[in-house]
Amino acid sequence: MAVLQIREAINQAIAEEMERDPGVFIMGEEVAQYNGAYKVTQGLWKKYGDKRVIDTPITEAGFAGIGIGAAMTGIGVRPIVEMMTWNFAILAFDQIMNHAAKARYMSSGQFKVPIVFRGPNGPAHMLGAQHSQALESMVAHVPGLIVMTPSTPYDAKGMLKAAIRDDNPVIFMESELMYGIKGEVPDEEYLIPIGKGDIKRDGSDVTIIAWTKMVAVALKAAEELQKEGINAEVIDPRTIRPLDEELILESVRKTNRCVIVEDSWPFASVGTEIAHRIHTKAFDDLDAPVEKINAADIPMPYAENLEHEAMPNAEKVITAVKKVMYR
Amino acid sequence: MKEEKKKAKLARWVDLNLSNEKLIKMYRDMLHIRRFEERAAQEYGKGKIGGFCHLYIGQEATGVGAISALREDDFIYTAYRDHGLALARGMESKGCMAELFGKATGVSKGIGGSMHFYDLAKGFMGGWGIVGGHPPLAAGSAFATKYQGRDSVTICFMGEASTNQGVFHETLNMAQLWKLPVIFICENNGYGMGTAISRAMAGEHLFEKAAGYEMARGAVNGMDVIEMYREMSVAINRARTEMLPTFIEARTYRYRGHSMSDPGQYRTKEEIEEYKKRDPVETFGKELIAEGILKETDLEAMDELIKQEVQEAVEFADASPQPSLDVLHNNIYA
């Protein structure tokens, strides 16, 4: 089994799917000759050339729409559209929300839209307000979109391969800070089905739900809590929409307590939806209300100390866990 | 004019290799749209059609001229004024009217509505409601056919108001940069909803917007089905053989309001009457008679048949069931 960075795992997923299906291509800003702003597409242009690895102008709405239109023709084209970051993809939200997400429904099933929009999401480090926002709730809000958020190299590769093969528009949200994280990735092919969550740490006393880079925060908190005799289970839904509700409810029914950690804003976040579902579907199993840890409800400041203060961290998670455990 | 009378000069379409059957079909398609839309307006008035309903009356020559020049494996995108174009592509009156009525037998099974007609099998890709939102999809369609080595072309109708949107310019840039076989047909009917173009657009020559991208471009009389066909033939050839896009400004006019709820106070009756003197359907009908291709009685008989077809479509739509409640959650995901 190879040890890969997340960027390498994603790169392998793209390369393998391009190899398997000549209809798969990737387009985006700097994906070809520059090898990707975060080097995710390293080497792909050299291998597959201009036709299948396409540098776009800086024009997110335009090339998102071109990808959608290409996918909709039904002639075996499966675009992967790289958004340099999801902050910039906001320019393309009309294309994604009004066109990709609705084409199938409005046409009563005539169109399939097999396209993946992928790129880093969420605050990184000292990038300022316009480059530091986690937008998964905005896309997860839209019926017709699938939203996936990997947290390990293994997950990233298996999930992206499933996303590329899927016939729906998939929003695939990565993280700048995680591209260098290493992990084991099997040599043989595997896929991680859409909508399948994962238990990242078994536990019995409390459920901590987190995705992408908040999984590491949750695991760190769990380690610290273990020292105090609190055995936390960490659940990574991996896919935000459709949500692996069963996995979450099963865990909460076992632990009776839950903390959700996300680096998005708190208002109408994905965590808000998950908490609601737990409160309505596992109410009798709960020993305390579900707690949520979010990024501060502010545009992200630049200064390092302020940014640190605004972000979720293990200490905040530990405090929340102790609150739901009345300790 | 007597049929046997020898014509002094050749018809102005002699260079276009159009058979009489084709010419008659073009006339019929325009008249079909006219009658369908007149009836849609009536049914809207009766409350049979809900929501927004944007009629194509007055613009028939633009759509029919352009679509008549296509092959079956070509693709068509348009905005929300889509009924006429769907009919021109051969989608049936019944399914179109039923869609307006919100019925399960509609072209989008009652889910789309007036603005969202689709028929993938006919390459009719809709039917989009956000001004300026669909041009990149059309460029994407052209990207896909080129990628797969096909020589299909994609045509993209849009209103002139959409050319003020940013995405329109993004699309033109990439279409030219990447040499995509797409033809943008800007239906310039003079008004973006109730705002005259002169109040919304800097500059006088709309088609010169494409000049910034060094794209082949031009303006055409969109009230003339033959001129439209001629320009389209050139553009289609450029797209099919050279993989190059074209921007065509089709100068046309809509007789009715922006939608059915538009009282039309932003323009004068005289202006509308002036355009009606150049009515695309009437003018072409007279021309076909003058050329000895059809007789007045042929036009009358054709009109009767079309009216009957539209009547049957209304009856069909009326009698059709609403969508079953079971479909509410269908087709969100493939």
# chains A, B, ... in the order shown; residues from 1 in each chain; ligands from 1
>>> interface_residues(of="chain A", to="chain B", cutoff="8 Å", atoms="only C-alpha atoms", output="ChimeraX atom specification")
/A:23,51,57,59,61-73,75,77,94-95,98-99,101-102,104-112,143-145,167-168
>>> residues_around(residues="Asn17 in chain B", least_positions_apart="4", cutoff="12 Å", atoms="only C-alpha atoms", output="PyMOL selection string")
chain B and resi 11-13+21-23+69+226+229-230+233
>>> residues_around(residues="Tyr326 in chain A", least_positions_apart="6", cutoff="10 Å", atoms="only C-alpha atoms", output="compact mmCIF listing (two decimals) with N, CA and C atoms, in the first residue's frame")
# COMPACT_ATOMS: atom_id res chain seq x y z
N ASP A 287 -29.18 12.54 25.77
CA ASP A 287 -29.08 12.93 27.18
C ASP A 287 -28.78 14.42 27.31
N ALA A 288 -28.51 15.07 26.17
CA ALA A 288 -28.24 16.52 26.19
C ALA A 288 -28.52 17.06 24.79
N ALA A 320 -17.11 21.75 24.44
CA ALA A 320 -18.47 21.39 24.03
C ALA A 320 -18.81 19.97 24.46
>>> select_by_dssp(residues="range 9-222 of chain B", states="strand (DSSP E or B)", output="PyMOL selection string")
chain B and resi 75-78+119+124-127+154-159+182-188+191-192+195-196+216-221
>>> write_last_selection(atoms="C-alpha atoms", output="short mmCIF file (atom, residue, chain, number, x, y, z; two decimals), in the first residue's frame")
data_model
loop_
_atom_site.label_atom_id
_atom_site.label_comp_id
_atom_site.auth_asym_id
_atom_site.auth_seq_id
_atom_site.Cartn_x
_atom_site.Cartn_y
_atom_site.Cartn_z
CA PHE B 75 -28.35 21.29 -30.94
CA ILE B 76 -30.51 24.28 -30.05
CA TYR B 77 -30.43 26.38 -26.91
CA THR B 78 -32.66 29.31 -26.15
CA ASP B 119 -36.62 17.49 -26.27
CA PHE B 124 -33.81 20.91 -28.35
CA MET B 125 -31.90 21.71 -25.19
CA GLY B 126 -34.32 24.31 -23.82
CA GLY B 127 -35.81 26.57 -22.52
CA THR B 154 -25.01 24.19 -31.65
CA ILE B 155 -27.08 27.31 -32.06
CA CYS B 156 -27.89 29.59 -29.19
CA PHE B 157 -30.76 32.05 -29.32
CA MET B 158 -30.74 34.86 -26.79
CA GLY B 159 -32.39 38.18 -26.33
CA VAL B 182 -21.49 27.43 -31.92
CA ILE B 183 -23.63 30.16 -33.46
CA PHE B 184 -25.02 32.85 -31.23
CA ILE B 185 -28.23 34.30 -32.57
CA CYS B 186 -29.10 37.44 -30.73
CA GLU B 187 -32.78 38.16 -31.28
CA ASN B 188 -32.76 41.90 -30.98
CA TYR B 191 -36.63 45.80 -25.68
CA GLY B 192 -35.25 44.02 -22.64
CA THR B 195 -36.45 48.86 -21.35
CA ALA B 196 -35.55 50.04 -24.83
CA ALA B 216 -17.26 36.52 -37.23
CA ARG B 217 -20.33 38.66 -36.84
CA GLY B 218 -23.07 40.55 -38.58
CA ALA B 219 -26.59 41.84 -38.44
CA VAL B 220 -29.45 40.42 -40.42
CA ASN B 221 -33.07 41.33 -40.99
#
>>> residues_around(residues="range 150-158 of chain A", least_positions_apart="6", cutoff="9 Å", atoms="only C-alpha atoms", output="PDB file with C-alpha atoms, in the first residue's frame")
ATOM      1  CA  VAL A   3       1.512   6.394   1.298  1.00  0.00           C
ATOM      2  CA  LEU A   4       0.199   9.408  -0.627  1.00  0.00           C
ATOM      3  CA  GLN A   5      -0.604  13.025  -0.019  1.00  0.00           C
ATOM      4  CA  ILE A   6      -4.232  13.996  -0.560  1.00  0.00           C
ATOM      5  CA  ARG A   7      -3.212  15.958  -3.666  1.00  0.00           C
ATOM      6  CA  GLU A   8      -1.567  12.828  -5.031  1.00  0.00           C
ATOM      7  CA  ALA A   9      -4.588  10.709  -4.220  1.00  0.00           C
ATOM      8  CA  ILE A  10      -6.854  13.141  -6.049  1.00  0.00           C
ATOM      9  CA  ASN A  11      -4.408  13.265  -8.929  1.00  0.00           C
ATOM     10  CA  GLN A  12      -4.461   9.463  -9.148  1.00  0.00           C
ATOM     11  CA  ALA A  13      -8.247   9.402  -9.108  1.00  0.00           C
ATOM     12  CA  ILE A  14      -8.396  11.858 -12.004  1.00  0.00           C
ATOM     13  CA  PHE A 172     -16.316  17.996  -4.352  1.00  0.00           C
ATOM     14  CA  MET A 173     -14.850  20.156  -1.616  1.00  0.00           C
ATOM     15  CA  GLU A 174     -11.239  19.788  -0.584  1.00  0.00           C
ATOM     16  CA  SER A 175      -8.973  21.918   1.602  1.00  0.00           C
ATOM     17  CA  MET A 178      -4.962  19.210   3.709  1.00  0.00           C
ATOM     18  CA  TYR A 179      -3.365  18.680   0.295  1.00  0.00           C
ATOM     19  CA  ILE A 181      -1.590  15.311   4.493  1.00  0.00           C
ATOM     20  CA  LYS A 182      -0.402  11.763   3.985  1.00  0.00           C
ATOM     21  CA  GLY A 183      -2.169   8.472   4.318  1.00  0.00           C
ATOM     22  CA  GLU A 184      -2.271   4.938   3.018  1.00  0.00           C
ATOM     23  CA  VAL A 185      -3.940   4.345  -0.320  1.00  0.00           C
ATOM     24  CA  PRO A 186      -4.398   0.810  -1.705  1.00  0.00           C
ATOM     25  CA  GLU A 189      -8.800   0.068  -7.515  1.00  0.00           C
ATOM     26  CA  TYR A 190     -11.588   0.911  -5.094  1.00  0.00           C
ATOM     27  CA  LEU A 191     -14.564   3.248  -4.960  1.00  0.00           C
ATOM     28  CA  ILE A 192     -16.244   4.830  -1.966  1.00  0.00           C
ATOM     29  CA  PRO A 193     -19.951   5.090  -2.657  1.00  0.00           C
ATOM     30  CA  TRP A 211     -15.780  16.509   7.844  1.00  0.00           C
ATOM     31  CA  THR A 212     -12.740  17.580   5.832  1.00  0.00           C
ATOM     32  CA  LYS A 213     -10.179  19.315   7.989  1.00  0.00           C
ATOM     33  CA  MET A 214     -12.419  19.387  11.030  1.00  0.00           C
ATOM     34  CA  VAL A 215     -11.998  15.601  11.254  1.00  0.00           C
ATOM     35  CA  ALA A 216      -8.419  16.122  12.429  1.00  0.00           C
ATOM     36  CA  ASP A 236     -17.166  11.629   9.159  1.00  0.00           C
ATOM     37  CA  ARG A 238     -17.895  12.191   3.902  1.00  0.00           C
ATOM     38  CA  THR A 239     -20.890  12.996   1.724  1.00  0.00           C
TER      39      THR A 239
END
>>> residues_around(residues="Ala221 in chain A", least_positions_apart="2", cutoff="6 Å", atoms="only C-alpha atoms", output="list in words")
Ala218, Leu219, Glu223, Glu224, Ala314 and Ile318 of chain A
>>> atom_distance(atom1="CA of Cys258 in chain A", atom2="CA of Pro120 in chain A")
27.0 Å
>>> atom_distance(atom1="CA of Lys322 in chain A", atom2="CA of Val217 in chain A")
15.8 Å
>>> select_by_dssp(residues="range 70-187 of chain B", states="alpha helix (DSSP H)", output="number ranges by chain")
B: 83-88, 93-100, 135-147, 166-177
>>> atom_distance(atom1="CA of Met30 in chain B", atom2="CA of Leu85 in chain B")
9.9 Å
>>> residues_around(residues="Gly203 in chain A", least_positions_apart="5", cutoff="8 Å", atoms="only C-alpha atoms", output="ChimeraX atom specification")
/A:231-234,255
>>> residues_around(residues="Phe25 in chain A", least_positions_apart="3", cutoff="7 Å", atoms="only C-alpha atoms", output="mmCIF file with C-alpha atoms, in the first residue's frame")
data_model
loop_
_atom_site.group_PDB
_atom_site.id
_atom_site.type_symbol
_atom_site.label_atom_id
_atom_site.label_comp_id
_atom_site.auth_asym_id
_atom_site.auth_seq_id
_atom_site.Cartn_x
_atom_site.Cartn_y
_atom_site.Cartn_z
ATOM 1 C CA MET A 18 -9.176 9.645 -17.582
ATOM 2 C CA ARG A 52 -8.205 16.733 -22.120
ATOM 3 C CA VAL A 53 -6.404 19.000 -19.671
ATOM 4 C CA ARG A 78 -17.772 13.762 -18.333
ATOM 5 C CA PRO A 79 -16.142 17.037 -17.349
ATOM 6 C CA ILE A 80 -14.198 17.661 -14.169
#
>>> closest_residue(among="A:Ser251, A:Ser264, A:Gln42, A:Thr85", to="Lys200 in chain A", atoms="only C-alpha atoms")
A:Ser251
>>> closest_residue(among="A:Glu19, A:Glu60, A:Asp244, A:Glu29", to="Lys47 in chain A", atoms="only C-alpha atoms")
A:Glu19
>>> closest_residue(among="A:Ile171, A:Asn35, A:Asp205, A:Val259", to="Phe93 in chain A", atoms="only C-alpha atoms")
A:Ile171
>>> decode(residues="range 129-178 of chain A", atoms="N, CA and C atoms", output="PDB file, in the first residue's frame")
ATOM      1  N   ALA A 129     -10.661  37.638   4.327  1.00  0.00           N
ATOM      2  CA  ALA A 129     -12.086  37.295   4.331  1.00  0.00           C
ATOM      3  C   ALA A 129     -12.583  36.674   3.031  1.00  0.00           C
ATOM      4  N   GLN A 130     -12.108  37.178   1.882  1.00  0.00           N
ATOM      5  CA  GLN A 130     -12.670  36.683   0.628  1.00  0.00           C
ATOM      6  C   GLN A 130     -12.123  35.319   0.208  1.00  0.00           C
ATOM      7  N   HIS A 131     -11.056  34.896   0.851  1.00  0.00           N
ATOM      8  CA  HIS A 131     -10.472  33.595   0.521  1.00  0.00           C
ATOM      9  C   HIS A 131     -10.630  32.584   1.652  1.00  0.00           C
ATOM     10  N   SER A 132     -11.462  32.896   2.626  1.00  0.00           N
ATOM     11  CA  SER A 132     -11.531  32.019   3.806  1.00  0.00           C
ATOM     12  C   SER A 132     -12.971  31.766   4.195  1.00  0.00           C
ATOM     13  N   GLN A 133     -13.661  30.956   3.406  1.00  0.00           N
ATOM     14  CA  GLN A 133     -15.045  30.664   3.766  1.00  0.00           C
ATOM     15  C   GLN A 133     -15.407  29.242   3.374  1.00  0.00           C
ATOM     16  N   ALA A 134     -16.150  28.626   4.258  1.00  0.00           N
ATOM     17  CA  ALA A 134     -16.602  27.249   4.006  1.00  0.00           C
ATOM     18  C   ALA A 134     -18.045  27.317   3.505  1.00  0.00           C
ATOM     19  N   LEU A 135     -18.256  26.860   2.275  1.00  0.00           N
ATOM     20  CA  LEU A 135     -19.533  27.126   1.595  1.00  0.00           C
ATOM     21  C   LEU A 135     -20.395  25.889   1.388  1.00  0.00           C
ATOM     22  N   GLU A 136     -20.082  24.801   2.128  1.00  0.00           N
ATOM     23  CA  GLU A 136     -20.818  23.565   1.845  1.00  0.00           C
ATOM     24  C   GLU A 136     -22.318  23.681   2.089  1.00  0.00           C
ATOM     25  N   SER A 137     -22.720  24.505   3.057  1.00  0.00           N
ATOM     26  CA  SER A 137     -24.169  24.579   3.290  1.00  0.00           C
ATOM     27  C   SER A 137     -24.886  25.259   2.126  1.00  0.00           C
ATOM     28  N   MET A 138     -24.191  26.185   1.447  1.00  0.00           N
ATOM     29  CA  MET A 138     -24.824  26.874   0.321  1.00  0.00           C
ATOM     30  C   MET A 138     -25.122  25.914  -0.818  1.00  0.00           C
ATOM     31  N   VAL A 139     -24.217  25.007  -1.093  1.00  0.00           N
ATOM     32  CA  VAL A 139     -24.464  24.044  -2.172  1.00  0.00           C
ATOM     33  C   VAL A 139     -25.323  22.877  -1.706  1.00  0.00           C
ATOM     34  N   ALA A 140     -25.137  22.478  -0.449  1.00  0.00           N
ATOM     35  CA  ALA A 140     -25.931  21.350   0.075  1.00  0.00           C
ATOM     36  C   ALA A 140     -27.408  21.726   0.163  1.00  0.00           C
ATOM     37  N   HIS A 141     -27.680  23.006   0.154  1.00  0.00           N
ATOM     38  CA  HIS A 141     -29.064  23.494   0.226  1.00  0.00           C
ATOM     39  C   HIS A 141     -29.849  23.155  -1.043  1.00  0.00           C
ATOM     40  N   VAL A 142     -29.144  22.872  -2.125  1.00  0.00           N
ATOM     41  CA  VAL A 142     -29.785  22.806  -3.440  1.00  0.00           C
ATOM     42  C   VAL A 142     -30.100  21.370  -3.854  1.00  0.00           C
ATOM     43  N   PRO A 143     -31.395  21.038  -4.005  1.00  0.00           N
ATOM     44  CA  PRO A 143     -31.716  19.707  -4.528  1.00  0.00           C
ATOM     45  C   PRO A 143     -31.185  19.566  -5.945  1.00  0.00           C
ATOM     46  N   GLY A 144     -30.623  18.414  -6.240  1.00  0.00           N
ATOM     47  CA  GLY A 144     -30.029  18.193  -7.557  1.00  0.00           C
ATOM     48  C   GLY A 144     -28.519  18.140  -7.501  1.00  0.00           C
ATOM     49  N   LEU A 145     -27.943  18.651  -6.420  1.00  0.00           N
ATOM     50  CA  LEU A 145     -26.486  18.597  -6.269  1.00  0.00           C
ATOM     51  C   LEU A 145     -26.109  17.528  -5.256  1.00  0.00           C
ATOM     52  N   ILE A 146     -24.950  16.909  -5.497  1.00  0.00           N
ATOM     53  CA  ILE A 146     -24.342  16.013  -4.519  1.00  0.00           C
ATOM     54  C   ILE A 146     -23.143  16.760  -3.945  1.00  0.00           C
ATOM     55  N   VAL A 147     -22.936  16.666  -2.655  1.00  0.00           N
ATOM     56  CA  VAL A 147     -21.830  17.404  -2.025  1.00  0.00           C
ATOM     57  C   VAL A 147     -20.942  16.427  -1.259  1.00  0.00           C
ATOM     58  N   MET A 148     -19.668  16.374  -1.635  1.00  0.00           N
ATOM     59  CA  MET A 148     -18.735  15.438  -1.001  1.00  0.00           C
ATOM     60  C   MET A 148     -17.548  16.196  -0.411  1.00  0.00           C
ATOM     61  N   THR A 149     -17.110  15.728   0.767  1.00  0.00           N
ATOM     62  CA  THR A 149     -16.051  16.449   1.488  1.00  0.00           C
ATOM     63  C   THR A 149     -15.078  15.439   2.102  1.00  0.00           C
ATOM     64  N   PRO A 150     -14.029  15.061   1.381  1.00  0.00           N
ATOM     65  CA  PRO A 150     -13.116  14.030   1.884  1.00  0.00           C
ATOM     66  C   PRO A 150     -12.158  14.567   2.964  1.00  0.00           C
ATOM     67  N   SER A 151     -11.706  13.666   3.814  1.00  0.00           N
ATOM     68  CA  SER A 151     -10.784  14.089   4.877  1.00  0.00           C
ATOM     69  C   SER A 151      -9.476  13.316   4.902  1.00  0.00           C
ATOM     70  N   THR A 152      -9.341  12.271   4.097  1.00  0.00           N
ATOM     71  CA  THR A 152      -8.089  11.502   4.083  1.00  0.00           C
ATOM     72  C   THR A 152      -7.723  11.187   2.622  1.00  0.00           C
ATOM     73  N   PRO A 153      -6.472  10.845   2.374  1.00  0.00           N
ATOM     74  CA  PRO A 153      -6.092  10.452   1.005  1.00  0.00           C
ATOM     75  C   PRO A 153      -6.915   9.251   0.507  1.00  0.00           C
ATOM     76  N   TYR A 154      -7.136   8.292   1.380  1.00  0.00           N
ATOM     77  CA  TYR A 154      -7.918   7.112   0.996  1.00  0.00           C
ATOM     78  C   TYR A 154      -9.330   7.515   0.563  1.00  0.00           C
ATOM     79  N   ASP A 155      -9.954   8.337   1.405  1.00  0.00           N
ATOM     80  CA  ASP A 155     -11.315   8.772   1.078  1.00  0.00           C
ATOM     81  C   ASP A 155     -11.323   9.617  -0.190  1.00  0.00           C
ATOM     82  N   ALA A 156     -10.372  10.543  -0.277  1.00  0.00           N
ATOM     83  CA  ALA A 156     -10.362  11.468  -1.409  1.00  0.00           C
ATOM     84  C   ALA A 156     -10.331  10.705  -2.733  1.00  0.00           C
ATOM     85  N   LYS A 157      -9.484   9.692  -2.795  1.00  0.00           N
ATOM     86  CA  LYS A 157      -9.361   8.965  -4.062  1.00  0.00           C
ATOM     87  C   LYS A 157     -10.620   8.156  -4.381  1.00  0.00           C
ATOM     88  N   GLY A 158     -11.067   7.395  -3.420  1.00  0.00           N
ATOM     89  CA  GLY A 158     -12.241   6.539  -3.661  1.00  0.00           C
ATOM     90  C   GLY A 158     -13.507   7.338  -3.901  1.00  0.00           C
ATOM     91  N   MET A 159     -13.613   8.455  -3.198  1.00  0.00           N
ATOM     92  CA  MET A 159     -14.808   9.292  -3.358  1.00  0.00           C
ATOM     93  C   MET A 159     -14.802  10.017  -4.697  1.00  0.00           C
ATOM     94  N   LEU A 160     -13.638  10.505  -5.085  1.00  0.00           N
ATOM     95  CA  LEU A 160     -13.596  11.253  -6.351  1.00  0.00           C
ATOM     96  C   LEU A 160     -13.853  10.331  -7.542  1.00  0.00           C
ATOM     97  N   LYS A 161     -13.337   9.116  -7.465  1.00  0.00           N
ATOM     98  CA  LYS A 161     -13.599   8.176  -8.564  1.00  0.00           C
ATOM     99  C   LYS A 161     -15.100   7.888  -8.682  1.00  0.00           C
ATOM    100  N   ALA A 162     -15.751   7.756  -7.532  1.00  0.00           N
ATOM    101  CA  ALA A 162     -17.206   7.544  -7.550  1.00  0.00           C
ATOM    102  C   ALA A 162     -17.921   8.779  -8.097  1.00  0.00           C
ATOM    103  N   ALA A 163     -17.412   9.943  -7.724  1.00  0.00           N
ATOM    104  CA  ALA A 163     -18.032  11.198  -8.180  1.00  0.00           C
ATOM    105  C   ALA A 163     -17.933  11.334  -9.693  1.00  0.00           C
ATOM    106  N   ILE A 164     -16.767  11.016 -10.235  1.00  0.00           N
ATOM    107  CA  ILE A 164     -16.560  11.157 -11.685  1.00  0.00           C
ATOM    108  C   ILE A 164     -17.471  10.201 -12.449  1.00  0.00           C
ATOM    109  N   ARG A 165     -17.693   9.025 -11.893  1.00  0.00           N
ATOM    110  CA  ARG A 165     -18.538   8.040 -12.593  1.00  0.00           C
ATOM    111  C   ARG A 165     -20.024   8.303 -12.405  1.00  0.00           C
ATOM    112  N   ASP A 166     -20.371   9.172 -11.476  1.00  0.00           N
ATOM    113  CA  ASP A 166     -21.787   9.432 -11.206  1.00  0.00           C
ATOM    114  C   ASP A 166     -22.389  10.316 -12.299  1.00  0.00           C
ATOM    115  N   ASP A 167     -23.673  10.139 -12.518  1.00  0.00           N
ATOM    116  CA  ASP A 167     -24.356  10.888 -13.584  1.00  0.00           C
ATOM    117  C   ASP A 167     -24.984  12.201 -13.101  1.00  0.00           C
ATOM    118  N   ASN A 168     -24.607  12.646 -11.917  1.00  0.00           N
ATOM    119  CA  ASN A 168     -25.170  13.886 -11.371  1.00  0.00           C
ATOM    120  C   ASN A 168     -24.070  14.916 -11.157  1.00  0.00           C
ATOM    121  N   PRO A 169     -24.454  16.181 -11.036  1.00  0.00           N
ATOM    122  CA  PRO A 169     -23.462  17.188 -10.678  1.00  0.00           C
ATOM    123  C   PRO A 169     -22.985  16.976  -9.242  1.00  0.00           C
ATOM    124  N   VAL A 170     -21.688  16.799  -9.091  1.00  0.00           N
ATOM    125  CA  VAL A 170     -21.108  16.568  -7.765  1.00  0.00           C
ATOM    126  C   VAL A 170     -20.223  17.750  -7.389  1.00  0.00           C
ATOM    127  N   ILE A 171     -20.463  18.281  -6.213  1.00  0.00           N
ATOM    128  CA  ILE A 171     -19.624  19.334  -5.645  1.00  0.00           C
ATOM    129  C   ILE A 171     -18.621  18.633  -4.749  1.00  0.00           C
ATOM    130  N   PHE A 172     -17.350  18.725  -5.081  1.00  0.00           N
ATOM    131  CA  PHE A 172     -16.316  17.996  -4.352  1.00  0.00           C
ATOM    132  C   PHE A 172     -15.413  19.014  -3.677  1.00  0.00           C
ATOM    133  N   MET A 173     -15.503  19.082  -2.355  1.00  0.00           N
ATOM    134  CA  MET A 173     -14.850  20.156  -1.616  1.00  0.00           C
ATOM    135  C   MET A 173     -13.648  19.645  -0.841  1.00  0.00           C
ATOM    136  N   GLU A 174     -12.493  20.183  -1.214  1.00  0.00           N
ATOM    137  CA  GLU A 174     -11.239  19.788  -0.584  1.00  0.00           C
ATOM    138  C   GLU A 174     -10.767  20.908   0.342  1.00  0.00           C
ATOM    139  N   SER A 175      -9.499  20.874   0.713  1.00  0.00           N
ATOM    140  CA  SER A 175      -8.973  21.918   1.602  1.00  0.00           C
ATOM    141  C   SER A 175      -7.507  22.183   1.273  1.00  0.00           C
ATOM    142  N   GLU A 176      -7.161  23.456   1.137  1.00  0.00           N
ATOM    143  CA  GLU A 176      -5.758  23.818   0.847  1.00  0.00           C
ATOM    144  C   GLU A 176      -4.819  23.232   1.896  1.00  0.00           C
ATOM    145  N   LEU A 177      -5.238  23.311   3.173  1.00  0.00           N
ATOM    146  CA  LEU A 177      -4.359  22.911   4.266  1.00  0.00           C
ATOM    147  C   LEU A 177      -4.182  21.401   4.326  1.00  0.00           C
ATOM    148  N   MET A 178      -5.034  20.670   3.610  1.00  0.00           N
ATOM    149  CA  MET A 178      -4.962  19.210   3.709  1.00  0.00           C
ATOM    150  C   MET A 178      -4.251  18.552   2.530  1.00  0.00           C
TER     151      MET A 178
END
